[in-house]
Structures are given as C-alpha cells and as structure tokens.
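Engineer: Handing over target_20.cif, mmCIF, C-alpha atoms.
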data_query
loop_
_atom_site.label_atom_id
_atom_site.label_comp_id
_atom_site.auth_asym_id
_atom_site.auth_seq_id
_atom_site.Cartn_x
_atom_site.Cartn_y
_atom_site.Cartn_z
CA MET D 14 37.35 131.48 155.54
CA SER D 15 40.29 130.75 157.82
CA SER D 16 43.90 131.80 157.99
CA SER D 17 46.94 130.18 159.45
CA SER D 18 50.42 131.39 160.45
CA LEU D 19 53.45 129.48 161.60
CA ILE D 20 55.63 130.97 164.35
CA HIS D 21 58.62 129.01 165.61
CA GLY D 22 56.97 125.68 165.10
CA ILE D 23 53.71 126.65 166.72
CA SER D 24 50.70 126.55 164.47
CA ILE D 25 48.12 129.19 165.34
CA SER D 26 44.81 128.85 163.59
CA VAL D 27 42.47 131.80 163.66
CA SER D 28 38.92 131.57 162.43
CA ASP D 29 36.61 134.46 161.60
CA ASP D 30 34.57 133.65 164.68
CA ASP D 31 37.62 133.77 166.85
CA GLU D 32 38.68 137.06 165.38
CA ALA D 33 35.27 138.43 165.95
CA SER D 34 35.16 137.32 169.54
CA GLY D 35 38.75 138.23 170.18
CA LYS D 36 39.66 134.69 171.18
CA VAL D 37 42.64 132.93 169.79
CA ARG D 38 43.11 129.13 170.07
CA VAL D 39 46.68 128.00 170.19
CA ARG D 40 47.51 124.37 169.22
CA VAL D 41 51.05 123.31 169.94
CA ARG D 42 52.51 120.50 167.66
CA ARG D 43 55.06 118.55 169.53
CA LYS D 44 58.20 117.63 167.63
CA ARG D 45 58.77 113.86 167.33
CA HIS D 46 62.08 112.50 168.46
CA ARG D 47 63.04 109.36 166.41
CA HIS D 48 64.94 106.66 168.25
CA PRO D 49 68.19 105.63 166.48
CA ALA D 50 67.51 101.86 166.89
CA SER D 51 64.10 102.00 165.18
CA ALA D 52 65.62 103.90 162.25
CA ARG D 53 68.21 101.20 161.73
CA ARG D 54 65.54 98.50 161.82
CA ARG D 55 63.50 100.29 159.20
CA LEU D 56 66.58 100.68 157.00
CA LEU D 57 67.42 97.00 157.38
CA ARG D 58 63.87 95.92 156.46
CA ARG D 59 64.01 98.11 153.36
CA ALA D 60 67.38 96.62 152.35
CA VAL D 61 66.02 93.08 152.77
CA ARG D 62 62.97 93.86 150.65
CA LEU D 63 65.08 95.31 147.84
CA GLY D 64 68.21 93.16 148.06
CA GLY D 65 66.66 89.73 148.72
CA PRO D 66 65.32 89.08 145.21
CA LEU D 67 68.53 90.46 143.70
CA LEU D 68 70.64 88.12 145.82
CA LEU D 69 68.52 85.08 144.88
CA ALA D 70 68.75 85.94 141.17
CA THR D 71 72.52 86.24 141.45
CA LEU D 72 72.78 82.85 143.14
CA ALA D 73 70.55 81.21 140.50
CA VAL D 74 72.65 82.59 137.62
CA SER D 75 75.86 81.49 139.32
CA LEU D 76 74.48 77.97 139.86
CA LEU D 77 73.40 77.78 136.22
CA PHE D 78 76.88 78.71 134.98
CA TYR D 79 78.47 76.19 137.34
CA GLU D 80 76.27 73.29 136.16
CA SER D 81 76.87 74.20 132.52
CA TYR D 82 80.63 74.19 133.06
CA ARG D 83 80.53 70.91 134.99
CA LEU D 84 78.49 69.04 132.39
CA SER D 85 80.26 70.33 129.27
CA PRO D 86 83.01 68.01 127.92
CA PRO D 87 86.55 69.33 128.05
CA SER D 88 87.78 70.68 124.77
CA HIS D 89 90.92 69.14 123.37
CA PRO D 90 92.68 70.23 120.20
CA PRO D 91 92.45 67.64 117.39
CA PRO D 92 95.58 65.54 116.98
CA PRO D 93 97.70 66.05 113.88
CA ALA D 94 97.05 63.67 111.01
CA SER D 95 100.57 62.23 111.20
CA ASN D 96 99.93 61.19 114.79
CA LEU D 97 96.57 59.47 114.35
CA SER D 98 97.98 55.96 114.46
CA ARG D 99 99.06 56.57 118.06
CA VAL D 100 95.75 57.97 119.25
CA GLU D 101 93.88 55.55 121.50
CA HIS D 102 90.15 54.88 121.50
CA THR D 103 88.70 56.55 124.60
CA ALA D 104 85.39 56.40 126.43
CA ARG D 105 83.88 58.73 129.01
CA ALA D 106 83.28 57.12 132.36
CA ALA D 107 80.46 58.01 134.75
CA ASP D 108 82.66 60.51 136.58
CA GLY D 109 83.46 62.34 133.34
CA THR D 110 87.05 61.11 133.01
CA ARG D 111 88.34 59.54 129.80
CA LYS D 112 89.62 56.00 129.92
CA SER D 113 91.55 54.19 127.25
CA CYS D 114 89.69 51.43 125.41
CA LEU D 115 92.24 50.31 122.84
CA LYS D 116 95.98 50.42 123.43
CA ILE D 117 97.68 50.27 120.03
CA LEU D 118 101.43 49.86 119.68
CA GLY D 119 103.57 52.87 118.88
CA PRO D 120 104.65 53.76 115.31
CA GLU D 121 108.08 52.12 115.59
CA LYS D 122 106.65 48.78 116.73
CA LEU D 123 103.88 48.95 114.13
CA GLN D 124 106.46 49.35 111.37
CA ASN D 125 108.04 46.03 112.40
CA LEU D 126 104.78 44.20 113.15
CA GLU D 127 104.40 40.93 111.26
CA LEU D 128 101.45 38.60 110.82
CA PRO D 129 101.60 35.69 113.25
CA GLU D 130 102.55 32.29 111.95
CA VAL D 131 99.58 30.03 111.30
CA SER D 132 100.19 26.54 112.61
CA GLU D 133 99.06 23.51 110.67
CA GLN D 134 95.73 22.36 112.01
CA ASN D 135 94.55 18.78 111.80
CA LEU D 136 90.88 19.44 111.07
CA PRO D 137 88.42 16.55 110.64
CA VAL D 138 86.95 18.19 107.51
CA LYS D 139 88.78 16.96 104.45
CA LYS D 140 86.45 18.34 101.80
CA VAL D 141 83.75 20.99 101.60
CA VAL D 142 80.98 20.59 99.02
CA TYR D 143 79.18 23.83 98.16
CA ARG D 144 75.61 23.15 97.22
CA SER D 145 73.90 25.52 94.81
CA ARG D 146 70.80 23.71 93.61
CA LEU D 147 67.44 24.96 94.88
CA LEU D 148 65.09 22.89 96.95
CA HIS D 149 61.57 24.36 96.90
CA LEU D 150 59.72 23.09 99.90
CA ASP D 151 56.02 22.44 100.08
CA ASP D 152 53.81 25.44 100.80
CA ASP D 153 52.61 23.85 104.01
CA ASP D 154 56.14 23.41 105.33
CA SER D 155 56.43 24.72 108.87
CA THR D 156 59.93 26.12 108.50
CA GLY D 157 58.74 29.43 107.12
CA SER D 158 60.23 28.90 103.66
CA ASN D 159 57.51 30.99 102.03
CA ILE D 160 58.86 34.15 103.66
CA SER D 161 60.38 36.64 101.23
CA ARG D 162 63.83 36.56 102.79
CA PHE D 163 64.50 33.28 100.97
CA ASN D 164 65.58 33.44 97.34
CA SER D 165 68.05 31.90 94.89
CA PHE D 166 70.98 33.30 96.83
CA THR D 167 69.93 32.16 100.30
CA GLY D 168 68.58 28.82 99.16
CA TYR D 169 65.76 26.90 100.79
CA GLN D 170 67.57 24.57 103.15
CA THR D 171 65.55 22.81 105.79
CA LEU D 172 66.31 23.04 109.47
CA ASN D 173 67.73 19.50 109.41
CA GLU D 174 70.06 20.44 106.55
CA ARG D 175 71.14 23.53 108.41
CA GLU D 176 71.85 21.47 111.53
CA GLU D 177 73.86 18.93 109.56
CA SER D 178 76.02 21.65 108.00
CA PHE D 179 77.33 22.54 111.47
CA LYS D 180 78.67 19.05 112.18
CA MET D 181 82.36 18.31 111.63
CA LYS D 182 82.66 15.48 109.13
CA ASP D 183 85.13 14.34 106.48
CA ILE D 184 82.88 15.71 103.75
CA THR D 185 80.75 18.67 104.73
CA THR D 186 78.00 20.05 102.52
CA VAL D 187 76.99 23.69 102.86
CA HIS D 188 74.86 25.98 100.75
CA CYS D 189 76.60 28.85 98.98
CA GLY D 190 74.68 31.36 96.91
CA PHE D 191 77.81 32.41 95.03
CA TYR D 192 77.81 29.00 93.33
CA ASN D 193 74.29 29.49 91.99
CA GLU D 194 74.05 31.00 88.52
CA ASP D 195 70.79 32.68 89.49
CA GLY D 196 71.89 33.68 92.97
CA GLY D 197 73.13 37.16 92.13
CA PHE D 198 75.95 39.23 93.65
CA LYS D 199 78.12 38.89 90.56
CA VAL D 200 81.61 40.37 90.27
CA SER D 201 84.04 40.39 87.35
CA ALA D 202 86.83 37.89 86.83
CA VAL D 203 89.40 40.64 87.43
CA ASP D 204 87.81 41.44 90.79
CA LYS D 205 87.75 37.76 91.73
CA ASP D 206 91.48 37.49 91.09
CA TYR D 207 92.13 40.56 93.20
CA MET D 208 90.00 39.26 96.09
CA ALA D 209 91.83 35.93 95.96
CA SER D 210 95.14 37.77 96.43
CA CYS D 211 94.14 39.47 99.69
CA ARG D 212 95.59 38.13 102.93
CA VAL D 213 94.49 40.97 105.23
CA LEU D 214 91.30 42.90 104.54
CA VAL D 215 89.51 46.13 105.46
CA ALA D 216 86.12 46.21 103.74
CA THR D 217 83.04 48.40 103.43
CA CYS D 218 80.08 48.71 101.06
CA ALA D 219 77.51 51.20 99.78
CA PHE D 220 74.57 50.04 97.68
CA GLY D 221 71.70 52.05 96.23
CA GLY D 222 73.53 55.38 96.38
CA GLY D 223 74.79 54.90 99.89
CA ASP D 224 77.22 57.16 101.72
CA ASP D 225 80.34 58.99 100.67
CA LEU D 226 83.57 57.01 100.66
CA HIS D 227 85.83 58.08 103.53
CA GLN D 228 89.54 57.52 103.00
CA PRO D 229 91.30 55.59 105.80
CA ILE D 230 94.03 57.41 107.72
CA GLY D 231 96.48 56.67 110.52
CA MET D 232 98.15 53.57 109.07
CA THR D 233 101.83 52.89 108.50
CA GLU D 234 103.45 52.32 105.11
CA VAL D 235 103.87 48.66 106.02
CA SER D 236 100.12 48.26 106.52
CA ILE D 237 99.35 49.98 103.21
CA LYS D 238 101.44 47.35 101.43
CA LYS D 239 99.98 44.38 103.32
CA VAL D 240 96.30 45.30 103.66
CA CYS D 241 93.58 45.32 100.98
CA TYR D 242 91.06 48.16 101.33
CA VAL D 243 87.96 47.06 99.43
CA ALA D 244 84.69 48.95 98.86
CA PHE D 245 81.72 47.12 97.29
CA TRP D 246 79.50 49.34 95.12
CA ASP D 247 76.65 48.83 92.71
CA GLU D 248 76.04 50.88 89.57
CA VAL D 249 73.69 53.24 91.41
CA THR D 250 76.37 54.14 93.93
CA ARG D 251 79.02 54.46 91.21
CA ALA D 252 76.86 56.93 89.24
CA ALA D 253 76.02 58.94 92.37
CA GLN D 254 79.65 59.13 93.47
CA GLN D 255 80.80 60.07 89.99
CA GLU D 256 78.45 63.06 90.04
CA GLU D 257 80.16 64.10 93.28
CA GLY D 258 83.55 63.92 91.57
CA ASN D 259 84.58 60.52 92.97
CA LYS D 260 85.51 58.77 89.75
CA ILE D 261 87.01 55.31 89.67
CA GLY D 262 90.52 55.39 88.20
CA GLU D 263 91.91 53.12 85.51
CA ASP D 264 93.49 51.04 88.26
CA LEU D 265 89.97 50.59 89.74
CA MET D 266 91.01 52.63 92.78
CA ILE D 267 89.71 55.73 94.56
CA GLY D 268 92.48 56.74 96.93
CA LEU D 269 93.36 53.66 98.97
CA TRP D 270 90.07 51.90 98.25
CA ARG D 271 89.84 49.21 95.59
CA ILE D 272 86.32 49.52 94.17
CA ILE D 273 84.49 46.31 93.30
CA LEU D 274 81.28 46.72 91.32
CA VAL D 275 78.56 44.17 92.10
CA ARG D 276 75.85 43.21 89.62
CA ASP D 277 72.49 41.53 90.23
CA LEU D 278 72.07 42.19 93.92
CA PRO D 279 69.87 39.39 95.31
CA PHE D 280 67.70 41.48 97.67
CA SER D 281 65.52 44.53 97.16
CA ASP D 282 66.46 45.67 100.67
CA GLN D 283 69.94 47.23 100.50
CA ARG D 284 70.52 46.44 104.17
CA LEU D 285 70.31 42.74 103.39
CA ASN D 286 72.62 43.14 100.41
CA GLY D 287 75.12 44.82 102.71
CA LYS D 288 75.14 41.78 104.99
CA ILE D 289 76.69 39.64 102.24
CA PRO D 290 80.17 41.23 102.23
CA LYS D 291 79.88 41.99 105.93
CA LEU D 292 79.03 38.55 107.31
CA ILE D 293 80.35 36.10 104.71
CA SER D 294 83.47 37.90 103.55
CA HIS D 295 85.34 34.62 104.04
CA ARG D 296 83.50 33.31 100.98
CA LEU D 297 84.45 36.38 98.92
CA PHE D 298 88.05 36.45 100.14
CA PRO D 299 89.03 32.79 100.48
CA MET D 300 92.71 33.51 101.21
CA ALA D 301 92.19 36.33 103.71
CA ARG D 302 93.27 35.36 107.20
CA TYR D 303 92.14 38.56 108.94
CA SER D 304 89.40 41.03 108.09
CA ILE D 305 87.95 44.27 109.42
CA TRP D 306 84.50 45.56 108.52
CA VAL D 307 83.89 49.32 108.59
CA ASP D 308 80.44 50.90 108.25
CA SER D 309 80.18 53.20 105.22
CA LYS D 310 79.32 56.12 107.50
CA SER D 311 82.57 55.72 109.41
CA GLN D 312 86.17 56.62 108.69
CA PHE D 313 88.80 54.08 109.68
CA ARG D 314 91.51 55.95 111.59
CA ARG D 315 93.78 53.24 112.93
CA ASP D 316 96.52 51.02 111.68
CA PRO D 317 94.79 47.72 110.80
CA LEU D 318 97.72 45.57 111.94
CA GLY D 319 97.78 47.49 115.21
CA VAL D 320 94.07 46.80 115.71
CA PHE D 321 94.57 43.09 115.04
CA GLU D 322 97.43 42.99 117.52
CA ALA D 323 95.45 44.82 120.20
CA LEU D 324 92.17 42.94 119.86
CA LEU D 325 93.14 39.49 118.54
CA TRP D 326 96.79 38.54 118.73
CA ARG D 327 97.51 39.95 122.17
CA SER D 328 94.68 37.94 123.79
CA ASN D 329 94.76 35.00 121.35
CA SER D 330 91.17 35.76 120.28
CA SER D 331 89.37 34.91 117.05
CA LEU D 332 86.67 37.58 116.87
CA ALA D 333 86.15 41.13 118.14
CA LEU D 334 82.75 42.82 118.11
CA SER D 335 81.56 46.27 119.08
CA GLU D 336 79.35 46.33 122.16
CA HIS D 337 75.75 47.33 121.56
CA GLY D 338 75.03 50.85 122.69
CA ALA D 339 71.42 50.32 123.80
CA ARG D 340 70.46 46.67 124.35
CA SER D 341 71.96 43.57 125.92
CA SER D 342 69.41 40.94 124.88
CA LEU D 343 69.14 39.24 121.51
CA TYR D 344 65.37 38.99 121.89
CA ASP D 345 65.05 42.66 122.82
CA GLU D 346 66.94 43.41 119.62
CA GLY D 347 64.32 41.44 117.69
CA LYS D 348 61.56 43.58 119.19
CA ALA D 349 63.47 46.74 118.26
CA ILE D 350 63.86 45.53 114.67
CA VAL D 351 60.10 45.10 114.36
CA LYS D 352 59.43 48.46 116.01
CA LYS D 353 61.76 50.23 113.56
CA HIS D 354 60.16 48.41 110.61
CA LYS D 355 63.44 46.80 109.55
CA ALA D 356 61.69 43.44 109.16
CA THR D 357 58.20 42.03 109.48
CA PRO D 358 57.06 40.46 112.76
CA GLU D 359 56.72 37.11 110.97
CA GLU D 360 60.33 37.18 109.76
CA VAL D 361 61.66 38.10 113.17
CA LYS D 362 59.56 35.45 114.91
CA VAL D 363 60.95 32.69 112.68
CA GLN D 364 64.49 33.78 113.49
CA LEU D 365 63.97 34.20 117.23
CA ASP D 366 62.16 30.85 117.48
CA GLN D 367 65.14 29.21 115.85
CA TYR D 368 67.50 30.94 118.29
CA GLN D 369 65.45 29.55 121.17
CA GLN D 370 65.56 26.05 119.67
CA ASP D 371 69.34 26.40 119.35
CA GLY D 372 69.49 27.13 123.07
CA ILE D 373 70.59 30.78 122.86
CA PRO D 374 69.77 32.20 126.30
CA ASP D 375 68.28 35.58 127.08
CA GLU D 376 71.22 36.61 129.22
CA LYS D 377 71.93 40.30 129.64
CA ARG D 378 75.70 40.11 130.14
CA PHE D 379 78.63 37.91 129.20
CA ASN D 380 81.80 38.49 131.23
CA GLY D 381 80.41 41.89 132.18
CA LYS D 382 79.79 42.95 128.57
CA LYS D 383 76.60 43.39 126.57
CA VAL D 384 76.23 40.37 124.33
CA CYS D 385 73.59 41.66 121.93
CA ILE D 386 75.07 42.82 118.63
CA SER D 387 73.15 45.23 116.44
CA ILE D 388 72.46 44.22 112.86
CA HIS D 389 74.07 47.56 111.96
CA SER D 390 77.26 47.25 114.03
CA ASN D 391 79.77 49.79 112.80
CA PHE D 392 82.88 47.77 113.45
CA TYR D 393 83.98 44.21 113.87
CA ILE D 394 87.08 42.25 113.04
CA ALA D 395 87.43 38.55 112.45
CA LEU D 396 90.09 35.89 112.27
#
Would you give me this structure, written as structure tokens?
Structural biologist:
Amino acid sequence: MSSSSLIHGISISVSDDDEASGKVRVRVRRKRHRHPASARRRLLRRAVRLGGPLLLATLAVSLLFYESYRLSPPSHPPPPASNLSRVEHTARAADGTRKSCLKILGPEKLQNLELPEVSEQNLPVKKVVYRSRLLHLDDDDSTGSNISRFNSFTGYQTLNEREESFKMKDITTVHCGFYNEDGGFKVSAVDKDYMASCRVLVATCAFGGGDDLHQPIGMTEVSIKKVCYVAFWDEVTRAAQQEEGNKIGEDLMIGLWRIILVRDLPFSDQRLNGKIPKLISHRLFPMARYSIWVDSKSQFRRDPLGVFEALLWRSNSSLALSEHGARSSLYDEGKAIVKKHKATPEEVKVQLDQYQQDGIPDEKRFNGKKVCISIHSNFYIAL
C-alpha cells in the first residue's frame, strides 16, 4: 500500500518501507513551458486536417452548379399566338447562341404578298402519255422485279424504260399508278375536283391510325384564302380520330384541314403509302404551283406564302429540303434503313446499285450542307 500527497506542485510519494525507515523520497515534476510558435503550428495543422475536406467539397459543389447553369438553355417565354407568323426559325450554334435560320417577312408585307407571275416556257415536251398497263417481267430478270415493292401501282418498268422517261421529247411516256384501275389509292370524284382547284398546297397524311391532326397557326388571312390545307386519311385513321372527338364536318373539314379519304392503299407498309402524297403530289394536284409537305407529327406554325418567299422566291429556287440531322451520305442512309428494319437488305441494294449506275456520288457535303435526305424528312417545299 502506498499513499501520495500533492504540495504546491511537488509530488511526494511515501511507501510503507519509507515510512518504516523514516526516509522520504521527494520527486520534483518540472512544469513544462509551451512555446507560442509551436502552439500556433499545431493549431494550423488541426485546421488544415478539418477544413481541407470541407473546402474541397465546397469547391466541387460550386463547380457542379456552374456547369449546370452554363449548359442549360436559356428560358424564354413562349410568343403569343397572334405573333407566331413573325417568329423566326432559330438554331443553337456551338457557342450556345441562337442564330436565325429563316427570315420571314413581317405581317404587313405578308398581307400584300402575291404569287409570282409564271412566265410562258417553251418546253420541248408537247404531250405526256401516262402508261398504266402492267408489264410482268420474266422471273430471271436481273432488274429485281420480283421484289415485293413492285405492284400494280408502281408498275414493272424496266431500267431502259425508266431511263427513257427522263429524256425530253415531243411525246413522253411515263408510268402512273393513278391511271391503273387496280393500282389503288382511290379518292372520290368530289375530292378530285377539290384537288384540281388548288394552286398552293400544304399537305400531310396519316394512315393506319397515325397521329393526331395538328391545326396550322401563324398564317395571315390572305394565306388562308389562297392556300389549300389537305390531310390524307384512310378509314382506320378516320375511325380512330372520330373516337378522339375529331369528326369530319359536312364540309369535309376539320378546322383548316380538308380531309381526303383514300381507299385501297397499294402497300401494306404505311410508310410507303405515305410517300405517295409526299413525293408525287404533283400528280394528285395537277394545278398546284407550290406545295409544302408537313409530317403528321409536326404542327405548321408559319405563313405558307412567307415560307415560299423566304426559301424559293427570294433566291429563285425550285426546291427546299430539310437538312438531315445525322447523316450526309446517301449510301450511309441505306445502311441505316437496313439497320432499323425499314426495308430488306435486298431492296436497299437494288436501289443503291441503281444510284451508283446513275452516277450519284458518295459526297458528304454540297455547298457546305448535308446532302443526304431522310426518307422521313419532316418538311420540304417544292415548286
């Protein structure tokens, strides 16, 4: 057993042996004197250990907020509906700024815009003969006529016949599926009369149910009187739209759209049926001088006459096409069509081989623009 007492900072330990012998051992504990500089260093090291991670976390969060703000597009309030005809198409450049793509005239000039005068043209073609009879080629024919894309509407013309139809002669013979009784794509006599009355056209289509019909906006009263808005439907689309409350009126209209019902569509693939009014609208509307095609998923928000003036009349052009968003090669587009199962490899090969024989190059750009046009382009206008 031992005991200890503390007297003025001096620890005196006394053991039983010491008490017995009368000896006391005194151990003096010297008081440490801390240097002020070492204390500051220790405090600094402790602050670095605790504050370093906190500082790095704060910097990381700040950098994250900055990048998010820099990459997010600027928010702009939507323009009023009455002002849509003056809104310009815009595109975002690499630096994030918006640049105008389509400069349309103002409302006052659009109200007074007239169709340009069409000069008399002395064309070498005096007569066009539309051929409707079918020519079934031999099964061993090398032109690929046994492929399913040929039918009574497309006809079975040979490559020589196709080449001859491109030549300018006094009497030119071309195939036209509309003249074949078994070709399909039938419309009523009333619809034919209406189509023959159109001089300026905005058209769309929805077959097999298709998409909802979006009403055009942004046009002037003058354009409404001069432009035909035509939507091609089949009975499946009509029934589906009627269930949604979009019923065709007695005047055959839904809003500004004149609905034309098509019977006996020639293809089982609705995408191919949609190409008929899209690519050969000049056969359906023989008197139309200008036409605009709008994809059924899109809403047309411009004045049609203003679009014609901006894209055709101002530059004396005949055709305006939307630039492809992904590809710039016609042959790359063929590969993409096969990859997306939009056509068989055999069908695409026949078409691409013919393009090569026609001398279509695999050039990536034309005047700085992508030249490849998707088979599902949303927008194009034609003279």
Engineer: Evaluate the PyMOL selection byres ((chain D and resi 121-123) around 12) here and jot the selected residues down as a list in words.
Structural biologist: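 When the PyMOL selection byres ((chain D and resi 121-123) around 12) is applied to the shown file, the picked residues are Ser98, Arg99, Ile117, Leu118, Gly119, Pro120, Gln124, Asn125, Leu126, Glu127, Leu128, Gly231, Met232, Thr233, Glu234, Val235, Ser236, Ile237, Arg315, Asp316, Pro317, Leu318, Gly319, Val320, Phe321, Glu322 and Ala323 of chain D.
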Engineer: Which residues, named as in the file, does the PyMOL selection byres ((chain D and resi 265) around 12) pick out? Answer as an MDAnalysis selection string.
Structural biologist: chainID D and resid 203:204 207 242:246 251 259:264 266:274
Engineer: Any chance you could work out the residue set of the PyMOL selection byres ((chain D and resi 278) around 9) here, as a list in words?
Structural biologist: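 Answer for the PyMOL selection byres ((chain D and resi 278) around 9): Gly196, Gly197, Phe198, Lys199, Asp247, Val275, Arg276, Asp277, Pro279, Phe280, Ser281, Gln283 and Asn286 of chain D.
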Engineer: Would you mind listing what lies within 8 Å of D:Met208 as a PDB file with C-alpha atoms, keeping the file's coordinate frame, with all atoms listed in the file counted and same-chain residues fewer than 5 positions away left out?
Structural biologist:
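Written out: selection.pdb:
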ATOM      1  CA  LEU D 297      84.450  36.380  98.920  1.00  0.00           C
ATOM      2  CA  PHE D 298      88.050  36.450 100.140  1.00  0.00           C
ATOM      3  CA  PRO D 299      89.030  32.790 100.480  1.00  0.00           C
TER       4      PRO D 299
END
Engineer: Let me make sure I understand: among D:Pro137, D:Gly287, D:Gly347, D:Pro129, which one has the smallest atom-to-atom distance to D:Leu325 if we use all atoms listed in the file?
Structural biologist: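 With all atoms listed in the file as the atom set, the closest residue is D:Pro129.
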Engineer: Please measure the separation of atom CA of D:Val142 and atom CA of D:His188, giving the value in Å to one decimal.
Structural biologist: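 Answer for the atom CA of D:Val142 to atom CA of D:His188 separation: 8.3 Å.
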Engineer: Using all atoms listed in the file, which protein or nucleic acid residues come within 9 Å of D:Glu177? Drop anything in the same chain fewer than 4 positions from it, and give the result as a CSV table (one decimal) with C-alpha atoms, keeping the file's coordinate frame.
Structural biologist:
chain,number,residue,atom,x,y,z
D,172,LEU,CA,66.3,23.0,109.5
D,173,ASN,CA,67.7,19.5,109.4
D,181,MET,CA,82.4,18.3,111.6
D,185,THR,CA,80.8,18.7,104.7
D,186,THR,CA,78.0,20.0,102.5
D,187,VAL,CA,77.0,23.7,102.9
Engineer: Which of these, D:Ile289, D:Leu72, D:Leu324, D:Met300, has the shortest distance to D:Leu115 once you count only C-alpha atoms?
Structural biologist: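 Ranking D:Ile289, D:Leu72, D:Leu324, D:Met300 by distance to D:Leu115, first place goes to D:Leu324.
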Engineer: Kindly give the distance, in Å, that separates atom CA of D:Lys205 and atom CA of D:Gly190, rounded to a single decimal.
Structural biologist: 15.4 Å
Engineer: Provide the atom CA of D:Gln254 to atom CA of D:Asp308 distance in Å, to one decimal place.
Structural biologist: 16.9 Å
Engineer: I'd like to know which of D:Glu194, D:Asp375, D:Glu130, D:Glu359 is closest to D:Arg340, using all atoms listed in the file.
Structural biologist: D:Asp375
